[in-house]
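Participant: Could you have a look at this structure, given as structure tokens, before my questions?
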Amino acid sequence: FLYYSPYAVHTPICPVDSLLYKYEGKEPWMGQGNARYATMIDNLDRNIGDLLAMLESTGVIKNTLVVFTSDNGGNYSITRQKPLRAGKGSYYEGGIRVPLIFKWKGKVNEGEWCDVSVDCTDLFPTILEAAGYDREVLYDEMAIDGRSLMPLFKDTDNSKKAYDHNT
């Protein structure tokens with residue numbers, strides 16, 4: 001188990017100077033400092049890519065569920081979440097809608113998109129079920145909050161129906 005929580009896209013803005021050329025002068029409507037902030041995101045993307053490449057090269061990726069998410073929307077003074085309203089610290093979608101990406105070789109279809117709303121409390125039962133815990137044990141004996149997202153990983157017409165957050 002590895003929990004990797006980079007601080008890379010938080011303030012203070014610390015640009016990666018070698019990447020500034022890619023972003024300077026682009027999209028001025030986004031506000032000041034964005035080229036500098038964009039380098040931080042680019043660097044984070046590269047680091048995640050390096051981590052995935054290492055998992056692939058060592059063969060560990062075959063038995064690894066990778067979850068990528070965020071704790072909140074972007075800082076509205078630095079980024080814009082258009083067309084979503086507001087940003088970090090807000091209960092509007094710009095503050096609470098975040099990316100959630102799963103990668104699990106042979107278990108999650110690459111490139112698939114799912115528009116089912118989920119909650120951060122769903123991560124714990126999902127990880128437990130991925131590790132082999134029985135769904136009945138999760139809900140009947142452990143009485144945990146959230147629902148496993150595992151049914152959403154399956155490529156069937158009924159997979160979204162199998163995920164019911166209200167049961």
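Numbering starts fresh at 1 for the residues of each chain in the structure tokens, the chains themselves are lettered A, B, ... in the order given, and ligands are numbered from 1 as they appear.
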List the neighbours of stretch 59-76 of chain A out to 6 Å using only C-alpha atoms; skip same-chain residues closer than 4 positions along the sequence, and give me the result as a list of chain:residue names.
Facilitator: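 Contacts, with the query itself left out: A:Leu55, A:Arg80, A:Gly87, A:Lys88, A:Gly94, A:Gly95, A:Ile96, A:Val98, A:Pro99, A:Leu100, A:Ile101, A:Phe102, A:Lys103, A:Trp104, A:Lys105.
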Participant: If you run DSSP on the backbone, which residues of stretch 13-160 of chain A are alpha helix (DSSP H), as a ChimeraX atom specification?
Facilitator: /A:34-58,93-96,123-130,135-136,150-153,159-160
Participant: So how far away is atom CA of A:Thr39 from atom CA of A:Pro15, in Å?
Facilitator: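 The value is 5.7 Å.
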Participant: If we count only C-alpha atoms, what is near A:Asn43 at a cut-off of 12 Å, once residues fewer than 6 positions away on the same chain are taken out, given as a ChimeraX atom specification?
Facilitator: /A:6-9,14-20,36-37,49-50
Participant: Could you pull out the strand (DSSP E or B) residues of chain A from DSSP and send them as a ChimeraX atom specification?
Facilitator: /A:66-69,100-103
Participant: Measuring atom to atom with only C-alpha atoms, identify which of A:Asp140, A:Phe153, A:Leu128, A:Tyr91 is nearest to A:Asn109.
Facilitator: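 Answer, going by the shortest atom-to-atom distance: A:Phe153.
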Participant: Counting only C-alpha atoms, figure out which residue out of A:Glu110, A:Glu24, A:Asp134, A:Asp115 gets nearest to A:Met150.
Facilitator: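 Closest to A:Met150 of all the choices is A:Asp134.
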Participant: For atom CA of A:Gln81 and atom CA of A:Arg147, determine how far apart the two atoms are, in Å to one decimal place.
Facilitator: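 So the answer is 27.6 Å.
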Participant: Suppose you want the space between atom CA of A:Met54 and atom CA of A:Gly111; what is it in Å?
Facilitator: 20.7 Å
Participant: Given only C-alpha atoms as the basis, pick out the residue of A:Gly25, A:Ile41, A:Glu136, A:Gly106 nearest to A:Ile13.
Facilitator: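 Result for the nearest residue to A:Ile13: A:Ile41.
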